[in-house]
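Trainee: This is the structure I have questions about; it appears just below.
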There are 2 protein chains.
Amino acid sequence: MIEPKEALDIILNNVKSLPAKKVFLEKGLGHVLVNDIKAKIEVPLFDNSAMDGFAIHKQDLGTKNCLKVIGEVKAGQKTSKVASKGKAISIMTGAPVPKGAAAVIPIENVDEDKKKKTIDIKSAANDRDNIRNKGEDIKKGSVLIKKGTILKPIHIALAASVGVSEVKVFEKPKVSIVVTGNELKRPGTILKAGELYDSNSFLLKSLLLKNNFDVAYVAKTKDNLDKTIRTIRKAIEKADVVLTTGGISVGKYDFVSLALEKIGAKRFFNKVKQKPGKPLSFFTYQNKAIISLPGNPVAVATCFEIYAKPMLKKMSGTNDLAHKEIKAEAAQPLKRHKKRTNYIRVNLIKKNGSYVAKTTGFQGSGVLSSMLADGIAVLQKGNENLKQGELVKVIDLEGNYK
Amino acid sequence: MIEPKEALDIILNNVKSLPAKKVFLEKGLGHVLVNDIKAKIEVPLFDNSAMDGFAIHKQDLGTKNCLKVIGEVKAGQKTSKVASKGKAISIMTGAPVPKGAAAVIPIENVDEDKKKKTIDIKSAANDRDNIRNKGEDIKKGSVLIKKGTILKPIHIALAASVGVSEVKVFEKPKVSIVVTGNELKRPGTILKAGELYDSNSFLLKSLLLKNNFDVAYVAKTKDNLDKTIRTIRKAIEKADVVLTTGGISVGKYDFVSLALEKIGAKRFFNKVKQKPGKPLSFFTYQNKAIISLPGNPVAVATCFEIYAKPMLKKMSGTNDLAHKEIKAEAAQPLKRHKKRTNYIRVNLIKKNGSYVAKTTGFQGSGVLSSMLADGIAVLQKGNENLKQGELVKVIDLEGNYK
């Protein structure tokens with residue numbers, strides 16, 4: 001039986017980022033960038049107007065002169081007309097600033113006489129007013145987005161603004177889910193004595209989708225060695241990662257470990273000093289990773305957060321794998337299970353800029369509703385018995401659970 | 001010209017939640033629940049074992065007796081065997097606890113003699129050890145998930161655990177995007193003088209996808225009235241919401257407002273006292289909502305956060321529309337634009353449990369990279385000129401921009 005930290009290290013050391021691929025820019029959203037994106041052009045590419053108005057000469061700055069309008073320039077065009085003292089050029093937002101112009105005076109700040117083609121300045125302009133300067137946003141050659149960045153909408157827009165139409169990103173892991181147990185029935189059916197509704201496949205599928213991973217295959221199998229082997233084999237074929245639930249304790253009908261052995265998967269560990277989630281196991285097979293989760297849904301959700309998510313992130317190409325942790329005051333005494341790290345589901349209450357952690361009711365390992373939590377308090381060796389008010393480490397679930 | 005708060009109120013008062021629909025449970029993820037989900041069964045439905053082990057009688061609690069194993073019960077089965085003093089029943093995780101049993105003793109805590117069918121208890125058990133009690137997770141009839149909840153993975157799993165296979169949720173808005181401007185070219189092409197790459201369609205599409213809204217249609221149109229009318233009409237047909245960019249200032253070639261008027265859309269406002277985003281306009285047409293955003297990408301992102309997102313959330317059925325706001329100390333003096341609310345892009349730095357807001361460099365309205373920000377500081381009437389260290393209201397972008 002190994003410690004949680006060791007288990008996580010083993011998992012992370014035995015997976016690597018998936019291959020890189022080139023995708024259309026817009027398909028890069030949420031993926032990790034392989035190379036720096038450098039600006040091949042500067043942005044804006046030319047001095048342009050920030051407003052609809054009139055481009056005026058520097059000698060008309062600070063004045064309320066009456067100017068002749070000698071031409072017009074629209075966005076997407078350019079003009080050969082030149083602004084000079086007393087001579088302005090009508091200009092639209094985004095249009096290139098004509099030669100000779102020192103500022104753009106907004107249309108609202110002039111009285112225009114369309115027949116005479118003149119404007120009277122009502123409110124004087126200063127040098128460079130309403131001109132967006134060439135290169136003010138992005139310098140040519142500068143690193144616009146660093147490799148390793150998880151591409152967010154603003155990155156996609158920034159890349160577009162310098163003309164990038166394709167990006168090289170890491171592939172994201174495709175995941176198969178295999179839930180095991182004779183007792184599991186599909187929601188919507190009628191239960192017989194001793195049966196339960198399968199919630200784990202729904203839990204894992206939704207957790208994967210919410211975290212933007214691809215679900216390749218979902219299957220349920222009976223506690224039967226041949227069926228388990230067949231189902232897991234199919235799950236492995238279809239994906240980079242397989243998550244199984246149940247069937248990994250020491251019971252006579254726990255066939256998941258046995259099936260993985262028969263398939264030829266390499267087992268790295270089969271027990272972790274933690275509660276919930278003690279029978280957590282990790283295997284690899286060729287380049288695929290298999291995490292075998294216990295059958296109990298609280299352990300499934302907890303182990304997904306603590307082990308599967310960082311692993312899937314690493315396979316997606318990012319190095320930012322750490323859980324977001326905070327310190328919170330225990331709202332009640334917290335007692336650790338004898339020899340195992342305890343994961344206690346808590347709500348976080350703000351108090352004078354710090355947090356108080358309050359357990360989400362009864363922490364029985366079958367109590368799925370206890371996962372309607374803000375965080376998971378971690379009771380490790382060295383903080384066996386916390387008094388009320390003592391500080392505890394909490395993994396912040398960042399609004400993903402309630 | 002109206003104040004930002006008034007503009008947001010007008011938008012929110014003129015949209016309502018979309019119709020409800022029944023979907024398969026797993027399709028409900030991210031949707032807003034229409035009715036409470038009540039538990040039709042209790043969970044667990046029966047006392048069951050939390051471990052693989054042996055169900056023992058109360059008179060064998062606290063002892064290290066040698067017991068006869070008189071039967072076995074697997075998950076999904078039940079047994080007619082009854083535990084009694086000296087007589088245990090082999091039990092798998094999840095299996096119903098047999099009659100007569102007071103606790104389950106884990107397999108690790110016994111020495112089993114399979115030939116003799118006996119076990120020697122190594123570590124004594126207490127009453128109810130390793131028994132998950134009937135109803136300990138969920139009471140029958142209790143409200144499991146409240147109406148109005150945005151369904152997260154844990155809610156989907158909870159609903160599954162009580163056998164729910166379909167849920168009634170609000171539809172989510174489908175959104176069309178129309179970007180306008182003769183100067184806009186697709187990334188990947190070569191620019192001519194005066195031209196720019198379109199980044200707004202990429203920005204809006206990614207923002208919508210990141211926020212889990214459906215993008216129904218994306219189009220680019222020239223500054224031409226007929227083409228603008230045709231494109232906007234198509235955009236309206238295909239979606240519940242249309243977001244346009246550009247073409248709404250007072251320039252001669254700004255055809256978006258005119259096109260919407262010709263189509264018969266009702267305009268509610270066409271200017272907001274804010275920077276960036278002054279020419280923001282809002283229209284409705286039949287049951288559709290149209291937000292016309294300025295052409296400049298910083299205004300697009302800012303107005304998306306401040307106006308479009310709450311509107312889309314309301315249409316999705318939730319009442320939780322407020323921006324997440326915090327107070328932060330200004331890292332530098334902040335000066336407000338004369339008569340308008342200023343939105344300043346800032347990074348938030350933690351300092352002794354509070355935050356310091358530091359501007360993201362040059363705040364030119366064309367500077368898209370300034371949106372690589374943690375938040376948007378709001379300089380309103382009454383806090384025109386903030387000194388360094390004074391408190392400013394910041395809309396927390398919650399990691400969605402960097």
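Please note that chains go A, B, ... in the order of the structure tokens, that every chain numbers its residues from 1, and that ligands are numbered from 1 in the order shown.
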For Asn109 (chain A), find every residue with an atom within 10 Å (counting only C-alpha atoms), except residues of its own chain fewer than 2 positions away, and show them as an MDAnalysis selection string.
Mentor: chainID A and resid 53:54 105:107 111:112 119:125
Trainee: Mind dumping the selected residues with C-alpha atoms as a JSON list (two decimals), in the first residue's frame?
Mentor:
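Output file out-v9.json is given in full below:
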```json
[["chain", "number", "residue", "atom", "x", "y", "z"],
["A", 53, "GLY", "CA", -14.57, 61.71, -37.97],
["A", 54, "PHE", "CA", -12.13, 63.94, -39.82],
["A", 105, "ILE", "CA", -11.57, 64.77, -34.69],
["A", 106, "PRO", "CA", -14.77, 62.79, -33.98],
["A", 107, "ILE", "CA", -17.88, 63.55, -36.03],
["A", 111, "ASP", "CA", -20.63, 71.00, -37.23],
["A", 112, "GLU", "CA", -20.64, 69.69, -40.75],
["A", 119, "ILE", "CA", -16.66, 71.48, -40.90],
["A", 120, "ASP", "CA", -16.55, 73.82, -37.94],
["A", 121, "ILE", "CA", -14.59, 72.37, -35.04],
["A", 122, "LYS", "CA", -16.66, 72.58, -31.83],
["A", 123, "SER", "CA", -14.16, 70.96, -29.52],
["A", 124, "ALA", "CA", -10.47, 71.26, -30.27],
["A", 125, "ALA", "CA", -8.26, 68.21, -30.86]]
```
Trainee: Could you give me, as JSON lines, a per-residue list for chain B showing, wherever an atom lies at most 6 Å from an atom of chain A, the closest pair of atoms and their distance in Å to one decimal, using only C-alpha atoms and sorting by chain then residue number from low to high?
Mentor:
```
{"residue": "B:Asp52", "atom": "CA", "partner": "A:Gly251", "partner_atom": "CA", "distance": 5.4}
{"residue": "B:Ala75", "atom": "CA", "partner": "A:Glu183", "partner_atom": "CA", "distance": 5.3}
{"residue": "B:Gly76", "atom": "CA", "partner": "A:Glu183", "partner_atom": "CA", "distance": 3.5}
{"residue": "B:Gln77", "atom": "CA", "partner": "A:Gly194", "partner_atom": "CA", "distance": 5.3}
{"residue": "B:Lys78", "atom": "CA", "partner": "A:Gly194", "partner_atom": "CA", "distance": 5.9}
{"residue": "B:Pro96", "atom": "CA", "partner": "A:Gly194", "partner_atom": "CA", "distance": 5.6}
{"residue": "B:Asp137", "atom": "CA", "partner": "A:Val367", "partner_atom": "CA", "distance": 4.5}
{"residue": "B:Pro153", "atom": "CA", "partner": "A:Ser206", "partner_atom": "CA", "distance": 4.8}
{"residue": "B:Ala157", "atom": "CA", "partner": "A:Leu203", "partner_atom": "CA", "distance": 4.8}
{"residue": "B:Ala160", "atom": "CA", "partner": "A:Ser199", "partner_atom": "CA", "distance": 5.0}
{"residue": "B:Ser161", "atom": "CA", "partner": "A:Ser199", "partner_atom": "CA", "distance": 5.1}
{"residue": "B:Gly163", "atom": "CA", "partner": "A:Pro187", "partner_atom": "CA", "distance": 3.9}
{"residue": "B:Val164", "atom": "CA", "partner": "A:Pro187", "partner_atom": "CA", "distance": 5.5}
{"residue": "B:Ser165", "atom": "CA", "partner": "A:Gly188", "partner_atom": "CA", "distance": 4.9}
{"residue": "B:Asn182", "atom": "CA", "partner": "A:Gly76", "partner_atom": "CA", "distance": 5.3}
{"residue": "B:Glu183", "atom": "CA", "partner": "A:Gly76", "partner_atom": "CA", "distance": 3.5}
{"residue": "B:Pro187", "atom": "CA", "partner": "A:Gly163", "partner_atom": "CA", "distance": 3.9}
{"residue": "B:Gly188", "atom": "CA", "partner": "A:Ser165", "partner_atom": "CA", "distance": 5.0}
{"residue": "B:Gly194", "atom": "CA", "partner": "A:Gly76", "partner_atom": "CA", "distance": 4.7}
{"residue": "B:Glu195", "atom": "CA", "partner": "A:Gly76", "partner_atom": "CA", "distance": 4.8}
{"residue": "B:Tyr197", "atom": "CA", "partner": "A:Ser161", "partner_atom": "CA", "distance": 5.2}
{"residue": "B:Ser199", "atom": "CA", "partner": "A:Ala157", "partner_atom": "CA", "distance": 4.9}
{"residue": "B:Phe202", "atom": "CA", "partner": "A:Ala157", "partner_atom": "CA", "distance": 5.4}
{"residue": "B:Leu203", "atom": "CA", "partner": "A:Ala157", "partner_atom": "CA", "distance": 4.8}
{"residue": "B:Ser206", "atom": "CA", "partner": "A:Pro153", "partner_atom": "CA", "distance": 4.8}
{"residue": "B:Leu207", "atom": "CA", "partner": "A:Pro153", "partner_atom": "CA", "distance": 5.4}
{"residue": "B:Gly251", "atom": "CA", "partner": "A:Asp52", "partner_atom": "CA", "distance": 5.5}
{"residue": "B:Gly353", "atom": "CA", "partner": "A:Gly353", "partner_atom": "CA", "distance": 5.5}
{"residue": "B:Val367", "atom": "CA", "partner": "A:Asp137", "partner_atom": "CA", "distance": 4.5}
```
Trainee: Could you give me, as a PyMOL selection string, the residues within 12 Å of Gly100 (chain B), counting only C-alpha atoms and dropping anything in the same chain fewer than 3 positions from it?
Mentor: chain B and resi 55-60+79-89+96-97+103-104+128
Trainee: Among region 82-227 of chain A, which ones does DSSP assign to helix (DSSP H, G or I) (computed from the backbone)? Answer as a PDB file with N, CA and C atoms, in the first residue's frame.
Mentor:
```pdb
ATOM      1  N   ILE A 107     -16.752  62.937 -35.335  1.00  0.00           N
ATOM      2  CA  ILE A 107     -17.884  63.549 -36.029  1.00  0.00           C
ATOM      3  C   ILE A 107     -18.764  64.344 -35.058  1.00  0.00           C
ATOM      4  N   GLU A 108     -18.838  63.869 -33.796  1.00  0.00           N
ATOM      5  CA  GLU A 108     -19.663  64.559 -32.797  1.00  0.00           C
ATOM      6  C   GLU A 108     -19.073  65.914 -32.394  1.00  0.00           C
ATOM      7  N   ASN A 109     -17.784  66.108 -32.661  1.00  0.00           N
ATOM      8  CA  ASN A 109     -17.120  67.343 -32.224  1.00  0.00           C
ATOM      9  C   ASN A 109     -17.028  68.405 -33.313  1.00  0.00           C
ATOM     10  N   PRO A 153     -10.334  31.799 -25.513  1.00  0.00           N
ATOM     11  CA  PRO A 153     -10.879  32.598 -26.613  1.00  0.00           C
ATOM     12  C   PRO A 153      -9.989  33.781 -27.009  1.00  0.00           C
ATOM     13  N   ILE A 154      -9.446  34.460 -26.024  1.00  0.00           N
ATOM     14  CA  ILE A 154      -8.651  35.645 -26.329  1.00  0.00           C
ATOM     15  C   ILE A 154      -7.383  35.271 -27.109  1.00  0.00           C
ATOM     16  N   HIS A 155      -6.824  34.101 -26.844  1.00  0.00           N
ATOM     17  CA  HIS A 155      -5.653  33.651 -27.596  1.00  0.00           C
ATOM     18  C   HIS A 155      -6.022  33.354 -29.048  1.00  0.00           C
ATOM     19  N   ILE A 156      -7.170  32.755 -29.224  1.00  0.00           N
ATOM     20  CA  ILE A 156      -7.631  32.443 -30.584  1.00  0.00           C
ATOM     21  C   ILE A 156      -7.798  33.761 -31.355  1.00  0.00           C
ATOM     22  N   ALA A 157      -8.382  34.756 -30.698  1.00  0.00           N
ATOM     23  CA  ALA A 157      -8.584  36.053 -31.356  1.00  0.00           C
ATOM     24  C   ALA A 157      -7.249  36.742 -31.635  1.00  0.00           C
ATOM     25  N   LEU A 158      -6.333  36.675 -30.697  1.00  0.00           N
ATOM     26  CA  LEU A 158      -5.009  37.283 -30.900  1.00  0.00           C
ATOM     27  C   LEU A 158      -4.295  36.633 -32.085  1.00  0.00           C
ATOM     28  N   ALA A 159      -4.344  35.309 -32.162  1.00  0.00           N
ATOM     29  CA  ALA A 159      -3.700  34.608 -33.272  1.00  0.00           C
ATOM     30  C   ALA A 159      -4.354  35.026 -34.593  1.00  0.00           C
ATOM     31  N   ALA A 160      -5.681  35.112 -34.601  1.00  0.00           N
ATOM     32  CA  ALA A 160      -6.388  35.550 -35.820  1.00  0.00           C
ATOM     33  C   ALA A 160      -5.934  36.948 -36.220  1.00  0.00           C
ATOM     34  N   SER A 161      -5.754  37.816 -35.238  1.00  0.00           N
ATOM     35  CA  SER A 161      -5.433  39.216 -35.538  1.00  0.00           C
ATOM     36  C   SER A 161      -4.078  39.377 -36.225  1.00  0.00           C
ATOM     37  N   ASN A 200     -22.097   5.756 -11.800  1.00  0.00           N
ATOM     38  CA  ASN A 200     -20.685   6.029 -12.108  1.00  0.00           C
ATOM     39  C   ASN A 200     -20.427   6.356 -13.575  1.00  0.00           C
ATOM     40  N   SER A 201     -21.124   5.687 -14.482  1.00  0.00           N
ATOM     41  CA  SER A 201     -20.856   5.998 -15.892  1.00  0.00           C
ATOM     42  C   SER A 201     -21.336   7.416 -16.197  1.00  0.00           C
ATOM     43  N   PHE A 202     -22.443   7.824 -15.558  1.00  0.00           N
ATOM     44  CA  PHE A 202     -22.937   9.194 -15.759  1.00  0.00           C
ATOM     45  C   PHE A 202     -21.980  10.209 -15.130  1.00  0.00           C
ATOM     46  N   LEU A 203     -21.490   9.859 -13.961  1.00  0.00           N
ATOM     47  CA  LEU A 203     -20.569  10.744 -13.251  1.00  0.00           C
ATOM     48  C   LEU A 203     -19.294  10.950 -14.076  1.00  0.00           C
ATOM     49  N   LEU A 204     -18.673   9.858 -14.489  1.00  0.00           N
ATOM     50  CA  LEU A 204     -17.398   9.972 -15.206  1.00  0.00           C
ATOM     51  C   LEU A 204     -17.578  10.633 -16.564  1.00  0.00           C
ATOM     52  N   LYS A 205     -18.634  10.263 -17.275  1.00  0.00           N
ATOM     53  CA  LYS A 205     -18.837  10.866 -18.589  1.00  0.00           C
ATOM     54  C   LYS A 205     -19.017  12.382 -18.449  1.00  0.00           C
ATOM     55  N   SER A 206     -19.839  12.795 -17.472  1.00  0.00           N
ATOM     56  CA  SER A 206     -20.070  14.240 -17.299  1.00  0.00           C
ATOM     57  C   SER A 206     -18.801  14.946 -16.826  1.00  0.00           C
ATOM     58  N   LEU A 207     -18.046  14.311 -15.925  1.00  0.00           N
ATOM     59  CA  LEU A 207     -16.795  14.934 -15.462  1.00  0.00           C
ATOM     60  C   LEU A 207     -15.832  15.120 -16.636  1.00  0.00           C
ATOM     61  N   LEU A 208     -15.752  14.133 -17.497  1.00  0.00           N
ATOM     62  CA  LEU A 208     -14.847  14.237 -18.650  1.00  0.00           C
ATOM     63  C   LEU A 208     -15.311  15.339 -19.593  1.00  0.00           C
ATOM     64  N   LEU A 209     -16.613  15.367 -19.887  1.00  0.00           N
ATOM     65  CA  LEU A 209     -17.125  16.391 -20.806  1.00  0.00           C
ATOM     66  C   LEU A 209     -16.949  17.782 -20.218  1.00  0.00           C
ATOM     67  N   LYS A 210     -17.256  17.918 -18.943  1.00  0.00           N
ATOM     68  CA  LYS A 210     -17.127  19.222 -18.277  1.00  0.00           C
ATOM     69  C   LYS A 210     -15.674  19.705 -18.333  1.00  0.00           C
ATOM     70  N   LEU A 225     -15.267 -12.916 -15.746  1.00  0.00           N
ATOM     71  CA  LEU A 225     -13.926 -12.651 -16.266  1.00  0.00           C
ATOM     72  C   LEU A 225     -13.890 -12.453 -17.777  1.00  0.00           C
ATOM     73  N   ASP A 226     -14.535 -13.363 -18.511  1.00  0.00           N
ATOM     74  CA  ASP A 226     -14.473 -13.269 -19.973  1.00  0.00           C
ATOM     75  C   ASP A 226     -15.093 -11.965 -20.473  1.00  0.00           C
ATOM     76  N   LYS A 227     -16.258 -11.650 -19.948  1.00  0.00           N
ATOM     77  CA  LYS A 227     -16.937 -10.415 -20.364  1.00  0.00           C
ATOM     78  C   LYS A 227     -16.092  -9.191 -20.009  1.00  0.00           C
TER      79      LYS A 227
END
```
Trainee: Using only C-alpha atoms for the distances, tell me which of A:Arg336, A:Lys38, A:Lys172, A:Lys271 is nearest to Lys139 (chain A).
Mentor: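 Between A:Arg336, A:Lys38, A:Lys172, A:Lys271, the residue approaching Lys139 (chain A) most closely is A:Lys38.
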Trainee: Report the distance between CA of Ala7 (chain A) and CA of Tyr307 (chain A) in Å, rounded to one decimal place.
Mentor: 8.2 Å
Trainee: Quick one: residues within 6 Å of Thr284 (chain A), only C-alpha atoms, excluding same-chain residues fewer than 5 positions away - as number ranges by chain?
Mentor: A: 265-266, 289-290
Trainee: Since we have the selection now, will you write its residues out, keeping C-alpha atoms, as a PDB file, in the first residue's frame?
Mentor:
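The new file result_29.pdb reads:
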```
ATOM      1  CA  ALA A 265      -1.318  -4.733 -18.746  1.00  0.00           C
ATOM      2  CA  LYS A 266       1.416  -3.764 -16.301  1.00  0.00           C
ATOM      3  CA  ALA A 289      -3.095   4.290 -19.250  1.00  0.00           C
ATOM      4  CA  ILE A 290      -5.733   2.520 -17.187  1.00  0.00           C
TER       5      ILE A 290
END
```
Trainee: Per DSSP on the backbone, filter region 123-171 of chain A down to the residues in strand (DSSP E) and report them as a count of residues only.
Mentor: 10
Trainee: Residues at most 10 Å from Gly375 (chain B), counting only C-alpha atoms, excluding those fewer than 4 positions away in the same chain, as a VMD selection string?
Mentor: chain B and resid 324 to 326 343 to 348 357 to 360 371 393 to 402
Trainee: Since we have the selection now, will you write its residues out, keeping C-alpha atoms, as a PDB file, in the first residue's frame?
Mentor:
```pdb
ATOM      1  CA  LYS B 324     -18.548  38.086  -9.832  1.00  0.00           C
ATOM      2  CA  GLU B 325     -17.167  41.299  -8.352  1.00  0.00           C
ATOM      3  CA  ILE B 326     -14.347  41.906  -5.948  1.00  0.00           C
ATOM      4  CA  TYR B 343     -13.517  49.448 -18.150  1.00  0.00           C
ATOM      5  CA  ILE B 344      -9.840  48.954 -17.428  1.00  0.00           C
ATOM      6  CA  ARG B 345      -8.308  45.535 -17.955  1.00  0.00           C
ATOM      7  CA  VAL B 346      -6.300  44.490 -14.905  1.00  0.00           C
ATOM      8  CA  ASN B 347      -4.300  41.678 -13.445  1.00  0.00           C
ATOM      9  CA  LEU B 348      -5.093  40.753  -9.858  1.00  0.00           C
ATOM     10  CA  ALA B 357      -5.321  45.510  -9.441  1.00  0.00           C
ATOM     11  CA  LYS B 358      -2.594  46.371 -11.962  1.00  0.00           C
ATOM     12  CA  THR B 359      -3.491  47.480 -15.473  1.00  0.00           C
ATOM     13  CA  THR B 360      -2.512  45.152 -18.335  1.00  0.00           C
ATOM     14  CA  MET B 371      -7.622  41.571 -22.585  1.00  0.00           C
ATOM     15  CA  LYS B 393     -14.520  47.479  -8.136  1.00  0.00           C
ATOM     16  CA  VAL B 394     -13.247  44.682 -10.383  1.00  0.00           C
ATOM     17  CA  ILE B 395     -15.309  42.222 -12.416  1.00  0.00           C
ATOM     18  CA  ASP B 396     -13.515  38.910 -11.888  1.00  0.00           C
ATOM     19  CA  LEU B 397     -13.051  37.168 -15.243  1.00  0.00           C
ATOM     20  CA  GLU B 398     -12.544  33.892 -13.325  1.00  0.00           C
ATOM     21  CA  GLY B 399      -9.661  32.584 -15.360  1.00  0.00           C
ATOM     22  CA  ASN B 400     -11.510  32.814 -18.645  1.00  0.00           C
ATOM     23  CA  TYR B 401      -9.059  35.256 -20.233  1.00  0.00           C
ATOM     24  CA  LYS B 402      -5.656  34.143 -19.004  1.00  0.00           C
TER      25      LYS B 402
END
```
Trainee: Which of these residues is nearest to Lys275 (chain A), using only C-alpha atoms: A:Pro98, A:Pro333, A:Pro294, A:Gly148?
Mentor: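 Distance minimum relative to Lys275 (chain A) lands on A:Pro294.
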Trainee: Of the candidates B:Thr245, B:Ser316, B:Thr180, B:Gln332, which shows the shortest atom-to-atom distance to Asp214 (chain B), using only C-alpha atoms?
Mentor: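 Closest residue, counting only C-alpha atoms: B:Ser316.
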